[in-house]
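Note: the block below is final-v1.cif and it holds mmCIF, C-alpha atoms.
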data_protein
#
loop_
_atom_site.label_atom_id
_atom_site.label_comp_id
_atom_site.auth_asym_id
_atom_site.auth_seq_id
_atom_site.Cartn_x
_atom_site.Cartn_y
_atom_site.Cartn_z
CA MET O 1 91.23 103.05 131.14
CA SER O 2 93.44 100.47 129.44
CA LEU O 3 92.95 99.41 125.81
CA ALA O 4 91.96 95.92 126.94
CA GLN O 5 89.29 97.36 129.23
CA ARG O 6 87.94 99.58 126.44
CA VAL O 7 87.71 96.57 124.13
CA ASP O 8 85.89 94.57 126.82
CA ASP O 9 83.46 97.43 127.40
CA LEU O 10 82.81 97.80 123.68
CA SER O 11 82.20 94.05 123.42
CA SER O 12 79.64 94.29 126.21
CA LEU O 13 77.82 97.13 124.45
CA VAL O 14 77.61 95.27 121.14
CA GLN O 15 76.63 91.95 122.70
CA THR O 16 73.72 93.46 124.63
CA THR O 17 71.95 94.77 121.51
CA SER O 18 68.54 93.20 120.93
CA GLY O 19 67.49 94.57 117.55
CA ASN O 20 69.05 96.06 114.44
CA ALA O 21 72.06 98.01 115.62
CA ALA O 22 74.89 100.30 114.49
CA LEU O 23 78.22 101.35 115.94
CA ALA O 24 79.43 104.95 115.71
CA VAL O 25 82.81 106.49 116.46
CA LEU O 26 82.79 110.25 117.11
CA THR O 27 85.65 112.68 117.64
CA LEU O 28 85.91 116.39 118.40
CA GLN O 29 88.20 117.14 115.50
CA ASN O 30 89.29 120.70 116.24
CA VAL O 31 90.00 120.49 119.98
CA GLY O 32 93.73 120.91 119.37
CA HIS O 33 93.17 124.08 117.37
CA ILE O 34 90.84 125.46 120.06
CA SER O 35 93.45 124.77 122.73
CA SER O 36 96.24 126.50 120.80
CA GLN O 37 94.11 129.52 119.88
CA HIS O 38 92.02 130.04 123.03
CA GLY O 39 93.76 128.12 125.80
CA PHE O 40 93.24 125.09 128.00
CA THR O 41 90.12 126.38 129.73
CA ALA O 42 88.33 126.91 126.42
CA SER O 43 89.29 123.46 125.13
CA SER O 44 88.22 121.84 128.39
CA THR O 45 84.83 123.58 128.18
CA CYS O 46 84.42 122.41 124.58
CA LEU O 47 85.24 118.81 125.50
CA THR O 48 82.60 118.85 128.23
CA GLU O 49 80.05 120.33 125.83
CA PHE O 50 80.98 117.71 123.21
CA THR O 51 80.16 114.86 125.59
CA GLU O 52 76.96 116.51 126.84
CA ARG O 53 75.60 117.17 123.35
CA VAL O 54 76.32 113.60 122.27
CA ASN O 55 74.70 112.23 125.42
CA ALA O 56 71.59 114.34 124.78
CA LEU O 57 71.07 112.53 121.47
CA LEU O 58 70.84 109.08 123.02
CA ARG O 59 67.56 107.19 123.37
CA PRO O 60 67.03 104.86 126.36
CA CYS O 61 68.09 101.86 124.24
CA ASP O 62 71.34 103.49 123.03
CA GLN O 63 74.64 103.23 124.87
CA MET O 64 77.75 105.41 124.92
CA LEU O 65 81.34 104.51 125.75
CA VAL O 66 83.85 107.32 126.36
CA LEU O 67 87.20 106.27 124.87
CA SER O 68 88.99 109.55 125.64
CA ASP O 69 88.15 113.20 126.25
CA ASP O 70 87.61 113.82 122.53
CA ARG O 71 86.48 110.38 121.31
CA VAL O 72 83.36 108.35 122.10
CA CYS O 73 81.61 105.25 120.79
CA ILE O 74 77.84 104.92 120.52
CA VAL O 75 75.88 101.73 119.97
CA PHE O 76 72.47 102.56 118.45
CA ASP O 77 69.96 99.78 119.07
CA ASP O 78 66.42 98.96 117.87
CA LEU O 79 66.88 100.58 114.47
CA MET O 80 64.35 99.96 111.69
CA ASP O 81 67.00 99.67 108.97
CA ASP O 82 70.12 101.44 107.69
CA ASN O 83 68.02 104.52 106.77
CA HIS O 84 67.41 104.98 110.49
CA VAL O 85 71.19 105.35 110.85
CA LEU O 86 71.14 108.23 108.39
CA LEU O 87 68.54 109.92 110.57
CA ALA O 88 70.81 109.53 113.61
CA GLY O 89 73.66 111.11 111.65
CA LEU O 90 71.51 114.07 110.65
CA LYS O 91 70.49 114.59 114.29
CA LEU O 92 74.16 114.56 115.24
CA GLU O 93 74.93 117.16 112.59
CA ARG O 94 72.15 119.46 113.81
CA ALA O 95 73.28 119.06 117.42
CA PHE O 96 76.62 120.67 116.60
CA GLU O 97 75.44 123.43 114.25
CA GLU O 98 75.09 125.91 117.11
CA PRO O 99 78.43 127.48 118.16
CA LEU O 100 79.50 127.43 121.80
CA SER O 101 80.11 130.75 123.52
CA VAL O 102 83.35 130.63 125.52
CA GLU O 103 84.91 133.75 127.03
CA GLY O 104 83.28 135.95 124.38
CA HIS O 105 84.26 133.72 121.48
CA GLN O 106 81.79 131.79 119.33
CA LEU O 107 83.44 128.39 118.84
CA ILE O 108 82.24 125.79 116.35
CA LEU O 109 82.66 122.22 117.56
CA GLU O 110 83.83 120.27 114.51
CA VAL O 111 82.62 116.73 115.06
CA ARG O 112 83.52 113.88 112.72
CA ALA O 113 81.68 110.59 112.95
CA GLY O 114 81.76 107.22 111.26
CA ILE O 115 78.78 104.90 111.60
CA VAL O 116 78.58 101.25 110.57
CA TYR O 117 75.22 99.50 110.45
CA PHE O 118 75.45 95.79 111.19
CA GLY O 119 71.86 94.80 111.93
CA ARG O 120 71.27 91.92 114.33
CA GLN O 121 74.05 90.21 116.23
CA GLU O 122 73.80 86.96 114.29
CA ARG O 123 74.88 88.80 111.14
CA LEU O 124 78.30 89.39 112.70
CA ASN O 125 79.01 85.66 112.38
CA GLY O 126 82.46 85.73 113.92
CA MET O 127 83.28 89.41 113.47
CA SER O 128 84.51 90.97 116.68
CA PRO O 129 83.59 94.39 118.09
CA GLU O 130 87.18 95.40 117.26
CA ASP O 131 86.46 94.67 113.58
CA LEU O 132 83.30 96.77 113.77
CA TYR O 133 85.27 99.57 115.41
CA ARG O 134 87.80 99.44 112.58
CA PHE O 135 85.02 99.75 110.01
CA ALA O 136 83.43 102.66 111.87
CA GLU O 137 86.82 104.35 112.23
CA SER O 138 87.36 103.97 108.49
CA ALA O 139 84.05 105.72 107.85
CA ARG O 140 85.05 108.46 110.31
CA GLU O 141 88.32 108.98 108.42
CA HIS O 142 86.30 109.43 105.24
CA ALA O 143 84.29 112.12 107.03
CA VAL O 144 87.54 113.86 107.99
CA GLN O 145 88.81 113.73 104.41
CA ARG O 146 85.53 115.01 102.97
CA LYS O 147 85.03 117.55 105.78
CA THR O 148 81.55 116.26 106.49
CA CYS O 149 80.05 115.75 109.93
CA PHE O 150 79.45 112.05 109.40
CA GLU O 151 79.77 109.15 106.98
CA VAL O 152 77.53 106.10 107.13
CA SER O 153 78.51 102.62 106.07
CA SER O 154 75.24 101.36 104.66
CA GLU O 155 73.89 97.81 104.35
CA GLU O 156 75.69 97.48 101.02
CA THR O 157 78.91 98.91 102.41
CA PHE O 158 78.73 96.60 105.40
CA ALA O 159 78.43 93.64 103.03
CA LEU O 160 81.61 94.79 101.26
CA MET O 161 83.36 95.30 104.61
CA ARG O 162 82.23 91.85 105.63
CA GLN O 163 83.73 90.44 102.44
CA ASP O 164 87.02 92.23 103.11
CA TRP O 165 87.03 90.91 106.67
CA GLU O 166 86.51 87.35 105.43
CA THR O 167 89.37 87.80 102.96
CA ASP O 168 91.56 89.14 105.76
CA GLN O 169 90.78 86.09 107.88
CA SER O 170 91.34 83.75 104.92
CA ILE O 171 94.83 85.17 104.38
CA GLN O 172 95.63 84.61 108.04
CA ASN O 173 94.49 80.99 107.68
CA ALA O 174 96.42 80.64 104.42
CA MET O 175 99.65 81.65 106.17
CA GLU O 176 99.00 79.17 108.94
CA GLU O 177 98.20 76.39 106.46
CA HIS O 178 101.14 77.30 104.15
CA GLU O 179 98.84 78.04 101.22
CA LEU O 180 100.84 81.17 100.35
CA THR O 181 103.91 80.79 98.18
CA LEU O 182 106.24 83.08 96.26
CA ASP O 183 106.72 83.25 92.53
CA TYR O 184 109.74 85.03 91.10
CA GLN O 185 109.51 87.20 88.00
CA PRO O 186 112.96 87.64 86.45
CA LYS O 187 114.47 91.03 85.66
CA TYR O 188 116.91 91.13 82.75
CA ARG O 189 119.44 93.73 81.69
CA LEU O 190 118.25 94.82 78.27
CA CYS O 191 121.61 95.41 76.62
CA ASP O 192 122.95 91.87 77.10
CA GLY O 193 120.11 89.76 78.54
CA GLU O 194 121.82 89.05 81.86
CA LEU O 195 119.57 88.09 84.78
CA VAL O 196 120.06 90.89 87.32
CA GLY O 197 117.20 90.42 89.75
CA ALA O 198 113.69 89.15 90.44
CA GLU O 199 110.50 90.36 92.06
CA ALA O 200 108.92 88.09 94.66
CA ILE O 201 105.17 87.89 94.03
CA VAL O 202 102.81 86.40 96.62
CA ARG O 203 100.58 83.60 95.33
CA TRP O 204 97.55 82.40 97.26
CA ARG O 205 96.67 78.86 96.23
CA ASN O 206 93.09 78.72 97.44
CA GLY O 207 91.49 75.30 96.88
CA GLY O 208 93.49 74.67 93.74
CA THR O 209 92.87 78.16 92.36
CA ILE O 210 95.68 80.72 92.26
CA VAL O 211 94.42 84.08 93.52
CA PRO O 212 96.58 87.01 92.30
CA PRO O 213 97.65 89.67 94.83
CA GLU O 214 95.52 92.40 93.27
CA GLN O 215 92.40 90.45 94.26
CA PHE O 216 93.14 90.35 97.98
CA MET O 217 95.81 92.89 98.99
CA SER O 218 93.43 95.88 99.11
CA ALA O 219 91.12 94.00 101.50
CA LEU O 220 93.77 93.41 104.15
CA SER O 221 93.97 95.23 107.45
CA GLU O 222 97.24 96.89 108.48
CA THR O 223 97.84 94.03 110.92
CA ARG O 224 97.46 91.45 108.18
CA LEU O 225 99.64 93.48 105.77
CA TRP O 226 102.36 93.43 108.40
CA ASP O 227 101.97 89.68 108.94
CA LEU O 228 101.98 88.99 105.21
CA THR O 229 105.05 91.15 104.56
CA ILE O 230 107.07 89.47 107.30
CA TYR O 231 105.86 86.06 106.05
CA SER O 232 106.96 86.92 102.50
CA LEU O 233 110.27 88.37 103.71
CA ARG O 234 111.14 85.25 105.70
CA ARG O 235 110.17 82.97 102.84
CA ALA O 236 112.11 84.98 100.26
CA ILE O 237 115.27 85.05 102.40
CA ARG O 238 115.05 81.34 103.19
CA GLU O 239 114.55 80.44 99.54
CA MET O 240 117.40 82.71 98.43
CA VAL O 241 119.67 80.79 100.78
CA GLU O 242 118.41 77.54 99.24
CA PHE O 243 119.04 78.89 95.73
CA GLY O 244 122.67 79.51 96.61
CA SER O 245 124.01 82.12 94.23
CA SER O 246 121.19 84.31 92.93
CA PRO O 247 120.65 87.96 91.96
CA PRO O 248 118.82 90.30 94.37
CA VAL O 249 115.18 89.53 95.07
CA ALA O 250 112.76 92.40 95.71
CA VAL O 251 109.90 92.11 98.22
CA ASN O 252 106.96 94.51 97.99
CA ILE O 253 106.15 96.69 101.00
CA VAL O 254 103.64 99.42 101.82
CA GLN O 255 104.07 102.59 103.85
CA SER O 256 102.38 101.28 107.01
CA VAL O 257 104.74 98.29 107.11
CA LEU O 258 107.86 100.38 106.50
CA GLU O 259 106.83 102.74 109.30
CA HIS O 260 106.13 99.92 111.77
CA PRO O 261 108.43 100.36 114.79
CA SER O 262 109.73 96.78 114.48
CA PHE O 263 110.28 96.67 110.73
CA LEU O 264 113.97 97.53 110.43
CA LYS O 265 114.86 95.30 113.36
CA SER O 266 112.82 92.43 111.90
CA VAL O 267 114.61 92.74 108.56
CA GLN O 268 118.04 92.74 110.21
CA ASN O 269 117.09 89.75 112.37
CA GLU O 270 116.01 87.71 109.36
CA LEU O 271 119.22 88.53 107.49
CA ASN O 272 121.26 87.53 110.53
CA ILE O 273 119.36 84.28 111.13
CA TRP O 274 119.87 83.10 107.56
CA ASP O 275 123.30 84.72 107.13
CA LEU O 276 122.20 86.42 103.93
CA ALA O 277 124.10 89.38 102.52
CA PRO O 278 121.88 92.51 102.58
CA SER O 279 122.84 93.24 98.97
CA ARG O 280 120.78 90.23 97.87
CA LEU O 281 117.59 91.79 99.21
CA ALA O 282 115.58 94.76 97.92
CA PHE O 283 112.26 96.35 98.76
CA GLU O 284 109.80 97.79 96.27
CA ILE O 285 107.46 100.58 97.36
CA ALA O 286 105.00 102.55 95.23
CA GLU O 287 105.95 106.09 94.23
CA SER O 288 102.70 107.45 95.73
CA GLN O 289 103.79 106.17 99.16
CA ALA O 290 107.50 106.91 98.92
CA ILE O 291 107.40 110.47 97.61
CA HIS O 292 105.66 112.97 99.87
CA ASP O 293 106.57 115.49 102.54
CA ASP O 294 107.11 112.92 105.30
CA LYS O 295 110.83 113.14 106.17
CA ASN O 296 110.45 110.06 108.33
CA MET O 297 109.60 107.97 105.27
CA LEU O 298 112.66 109.20 103.36
CA GLY O 299 114.78 108.55 106.43
CA LEU O 300 113.55 104.95 106.63
CA LEU O 301 114.33 104.34 102.96
CA GLU O 302 117.80 105.82 103.46
CA THR O 303 118.34 103.53 106.45
CA LEU O 304 117.54 100.51 104.29
CA ARG O 305 120.16 101.65 101.80
CA GLU O 306 122.68 102.20 104.58
CA MET O 307 122.04 98.60 105.63
CA GLY O 308 123.06 97.54 102.13
CA ILE O 309 119.50 96.71 101.01
CA GLY O 310 118.24 97.89 97.63
CA VAL O 311 115.33 100.33 97.32
CA VAL O 312 113.10 100.27 94.23
CA ILE O 313 110.43 102.91 93.60
CA ASP O 314 107.57 101.06 91.94
CA GLU O 315 104.77 102.40 89.71
CA PHE O 316 106.88 105.43 88.86
CA GLY O 317 105.16 108.07 86.77
CA THR O 318 101.75 107.66 88.41
CA GLY O 319 102.41 110.06 91.31
CA HIS O 320 103.32 113.73 91.48
CA ALA O 321 107.06 113.67 91.99
CA SER O 322 108.77 117.02 91.49
CA LEU O 323 112.33 117.30 90.24
CA GLU O 324 113.45 118.20 93.76
CA LYS O 325 111.79 115.13 95.26
CA ILE O 326 113.37 112.84 92.68
CA ARG O 327 116.76 114.36 93.45
CA ASP O 328 116.37 113.69 97.18
CA LEU O 329 114.82 110.25 96.77
CA PRO O 330 116.88 107.52 98.52
CA ALA O 331 116.51 104.83 95.86
CA ASP O 332 118.66 102.61 93.69
CA GLN O 333 116.10 101.87 91.00
CA ILE O 334 113.10 103.51 89.41
CA LYS O 335 110.50 101.16 87.92
CA ILE O 336 108.41 102.72 85.15
CA ASP O 337 104.77 101.82 85.65
CA ARG O 338 103.41 99.27 83.19
CA ARG O 339 100.60 101.57 82.04
CA PHE O 340 103.25 103.68 80.25
CA VAL O 341 105.23 100.69 78.99
CA THR O 342 102.42 98.56 77.55
CA ASN O 343 101.55 100.91 74.68
CA VAL O 344 104.78 102.87 74.49
CA CYS O 345 105.32 102.00 70.81
CA GLU O 346 101.92 103.38 69.76
CA ASN O 347 101.33 106.24 72.19
CA SER O 348 103.48 109.37 71.80
CA ASP O 349 102.53 110.64 75.28
CA ASP O 350 103.72 107.37 76.84
CA GLN O 351 106.94 107.65 74.84
CA GLN O 352 107.60 111.15 76.14
CA ILE O 353 106.88 110.13 79.74
CA THR O 354 109.06 107.02 79.47
CA GLU O 355 111.99 108.85 77.92
CA THR O 356 111.74 111.67 80.48
CA ILE O 357 111.81 109.18 83.38
CA ILE O 358 114.83 107.40 81.89
CA ASP O 359 116.69 110.68 81.45
CA LEU O 360 115.87 111.97 84.96
CA ALA O 361 116.76 108.70 86.68
CA HIS O 362 120.11 108.50 84.89
CA ARG O 363 120.90 112.09 85.83
CA PHE O 364 120.59 111.05 89.48
CA SER O 365 122.53 107.79 88.99
CA MET O 366 119.50 105.51 89.32
CA THR O 367 118.88 102.33 87.36
CA VAL O 368 115.66 102.28 85.30
CA VAL O 369 113.45 99.18 85.21
CA ALA O 370 110.55 98.89 82.75
CA ASP O 371 107.60 96.87 84.06
CA GLY O 372 105.30 95.21 81.52
CA VAL O 373 107.60 94.32 78.61
CA GLU O 374 105.19 92.08 76.71
CA ASP O 375 106.52 91.96 73.13
CA ALA O 376 109.66 92.27 71.03
CA GLU O 377 108.77 95.72 69.68
CA THR O 378 108.51 97.16 73.19
CA PHE O 379 111.76 95.47 74.17
CA VAL O 380 113.65 97.01 71.25
CA TYR O 381 112.16 100.47 71.84
CA LEU O 382 113.11 100.47 75.53
CA MET O 383 116.63 99.25 74.83
CA GLU O 384 117.17 101.98 72.24
CA ALA O 385 115.69 104.58 74.63
CA GLY O 386 118.37 103.71 77.18
CA CYS O 387 116.28 101.74 79.67
CA ASP O 388 118.53 99.52 81.79
CA VAL O 389 116.38 96.60 82.93
CA GLY O 390 113.15 94.98 81.82
CA GLN O 391 110.50 92.82 83.44
CA GLY O 392 107.48 91.24 81.75
CA PHE O 393 106.09 88.17 80.04
CA TYR O 394 108.16 88.68 76.87
CA LEU O 395 111.31 88.39 78.96
CA GLY O 396 110.03 85.85 81.44
CA ALA O 397 106.80 84.94 83.24
CA PRO O 398 106.70 84.60 87.03
CA LEU O 399 108.24 81.26 88.05
CA ASN O 400 107.56 79.12 91.08
CA LYS O 401 110.42 78.21 93.39
CA ALA O 402 111.45 75.06 91.52
CA GLN O 403 111.27 76.75 88.12
CA PHE O 404 113.31 79.72 89.27
CA ALA O 405 115.91 77.40 90.79
CA ASP O 406 116.15 75.57 87.44
CA LEU O 407 116.60 78.90 85.66
CA LEU O 408 119.47 79.82 87.97
CA VAL O 409 121.16 76.45 87.31
CA HIS O 410 120.67 76.85 83.56
CA LEU O 411 122.22 80.32 83.55
CA SER O 412 125.12 79.47 85.84
#
Using structure tokens, write down the structure from this file.
Amino acid sequence: MSLAQRVDDLSSLVQTTSGNAALAVLTLQNVGHISSQHGFTASSTCLTEFTERVNALLRPCDQMLVLSDDRVCIVFDDLMDDNHVLLAGLKLERAFEEPLSVEGHQLILEVRAGIVYFGRQERLNGMSPEDLYRFAESAREHAVQRKTCFEVSSEETFALMRQDWETDQSIQNAMEEHELTLDYQPKYRLCDGELVGAEAIVRWRNGGTIVPPEQFMSALSETRLWDLTIYSLRRAIREMVEFGSSPPVAVNIVQSVLEHPSFLKSVQNELNIWDLAPSRLAFEIAESQAIHDDKNMLGLLETLREMGIGVVIDEFGTGHASLEKIRDLPADQIKIDRRFVTNVCENSDDQQITETIIDLAHRFSMTVVADGVEDAETFVYLMEAGCDVGQGFYLGAPLNKAQFADLLVHLS
């Protein structure tokens, strides 16, 4: 069955509900382990049992859609309220408590389910079954992380999901209506005050009000994050060309965008279209996403550097980077997280962390950027501690395109 057909079938299931309803996504989580430990026959038997036990739970008004051998969707209809969903989850849990006897082995079927209660159809108000599936899948992932049989997105959670969905749609509209712009926060070398770079910060001008990124980024789907990153990349490159001579501009990215199959090609295409030197572009990625055991991630960062593009590890100090991981990190700059910089003159722990990061980064030939330089005292401390570059309101607030262009002219 094709993806398009599955989506159509899911749409039909949701649209035929007549009362309060919920969508569940269920998977047989340990089928791979069963196959490797007990063979194909055992795993096949378990998959059949999985489907049969789920089917036995259904009432006449409920409907099931098999997405694959180990994944199904259920639409529960005619529910009293979201508490009724909890009851369905408990029934599901009990249905899989009993082990399955296969070739003398007692096998536990580890089912993980995510359930989203959405009530009557009119409450969807534009949300598609695909959006509902995404919410249910998110709940299922929480069940996997917590090692519980199921997680329920309640009435309150659905309202929050609905709000995130509306934000996601608003950002899509904002890109189409050109309501998103970039501000540029300057980065200055501390020892001599030279402008050495800038961070591109997305600004959403919503009805005359500027909405900062922290108020909408966490609500975006992976698809929208990809769209927004490419939108920001194109805008930053185009505006750098318009600026003429300018220091490197850093664009923020997240792990899912960096790992997108088209990302590297998209970056190279944009550089080629606008004939921009790769050295004038950098990407900032949070330490928590850049430093882990995924060799693919490190390989992608190294590829960016091989292309001549700068790599900045943002929010450094908030993760769990070992000395070995810092040594192997393909990065040009380390940006100390602002939570350590803001009170560095008063807090001895922050001083120790900051000085340790500076020393480690320099040992591995990396430039150190301090984020959140808000006063003269902090500026002096960081300069004396050997920090290379600073960014913050004391040095310069984020500037819109015209203001940043004026700054470049003034400094030239």
Considering only C-alpha atoms, give me a table of residues in segment 67-125 of chain O that are at most 8 Å from segment 11-26 of chain O, with the closest atom pair and distance in Å for each, as a tab-separated table.
residue	atom	partner	partner_atom	distance
O:Arg71	CA	O:Leu26	CA	5.6
O:Val72	CA	O:Leu26	CA	5.4
O:Cys73	CA	O:Val25	CA	4.7
O:Ile74	CA	O:Ala24	CA	5.1
O:Val75	CA	O:Leu23	CA	4.7
O:Phe76	CA	O:Ala22	CA	5.2
O:Asp77	CA	O:Ala21	CA	4.4
O:Asp78	CA	O:Gly19	CA	4.5
O:Leu79	CA	O:Asn20	CA	5.0
O:Met80	CA	O:Asn20	CA	6.7
O:Asp81	CA	O:Asn20	CA	6.9
O:Val85	CA	O:Ala22	CA	7.2
O:Val111	CA	O:Leu26	CA	6.8
O:Arg112	CA	O:Leu26	CA	5.7
O:Ala113	CA	O:Leu26	CA	4.3
O:Gly114	CA	O:Val25	CA	5.4
O:Ile115	CA	O:Ala24	CA	4.2
O:Val116	CA	O:Leu23	CA	5.4
O:Tyr117	CA	O:Ala22	CA	4.1
O:Phe118	CA	O:Ala22	CA	5.6
O:Gly119	CA	O:Asn20	CA	4.0
O:Arg120	CA	O:Asn20	CA	4.7
O:Gln121	CA	O:Gln15	CA	7.2
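Each of O:Asn173, O:Ser218, O:Thr367, O:Gln268 was checked against Ile313 of chain O using all atoms listed in the file; the smallest atom-to-atom distance is that of O:Thr367.
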Return as an MDAnalysis selection string the set of residues that the PyMOL selection byres ((chain O and resi 331-346) around 7) yields on the displayed structure.
chainID O and resid 310:317 329:330 347:348 350:351 354 361 366:373 378
Show which residues sit within 7 Å of Leu281 of chain O, as a PyMOL selection string. Count all atoms listed in the file, and ignore same-chain residues fewer than 6 positions away.
chain O and resi 248-250+309-310
Explicit residues for the PyMOL selection byres ((chain O and resi 203) around 7) (as JSON, numbers by chain)
{"O": [180, 181, 182, 183, 201, 202, 204, 205, 210, 211, 212, 213]}
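The coordinates place atom CA of Val267 of chain O at 23.5 Å from atom CA of Asp168 of chain O.
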Minimum-distance residue to His84 of chain O, chosen among O:Leu411, O:Thr41, O:Val152, O:Glu103 (using all atoms listed in the file):
O:Val152
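The two atoms in question, atom CA of Met297 of chain O and atom CA of Ala219 of chain O, are spaced 23.5 Å apart.
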Using all atoms listed in the file, which residues sit within 10 Å of Ser101 of chain O once same-chain residues fewer than 4 positions away are excluded, as a ChimeraX atom specification?
/O:42,45-46,105-108
Quick one, how far is atom CA of Ser170 of chain O from atom CA of Phe393 of chain O?
29.3 Å
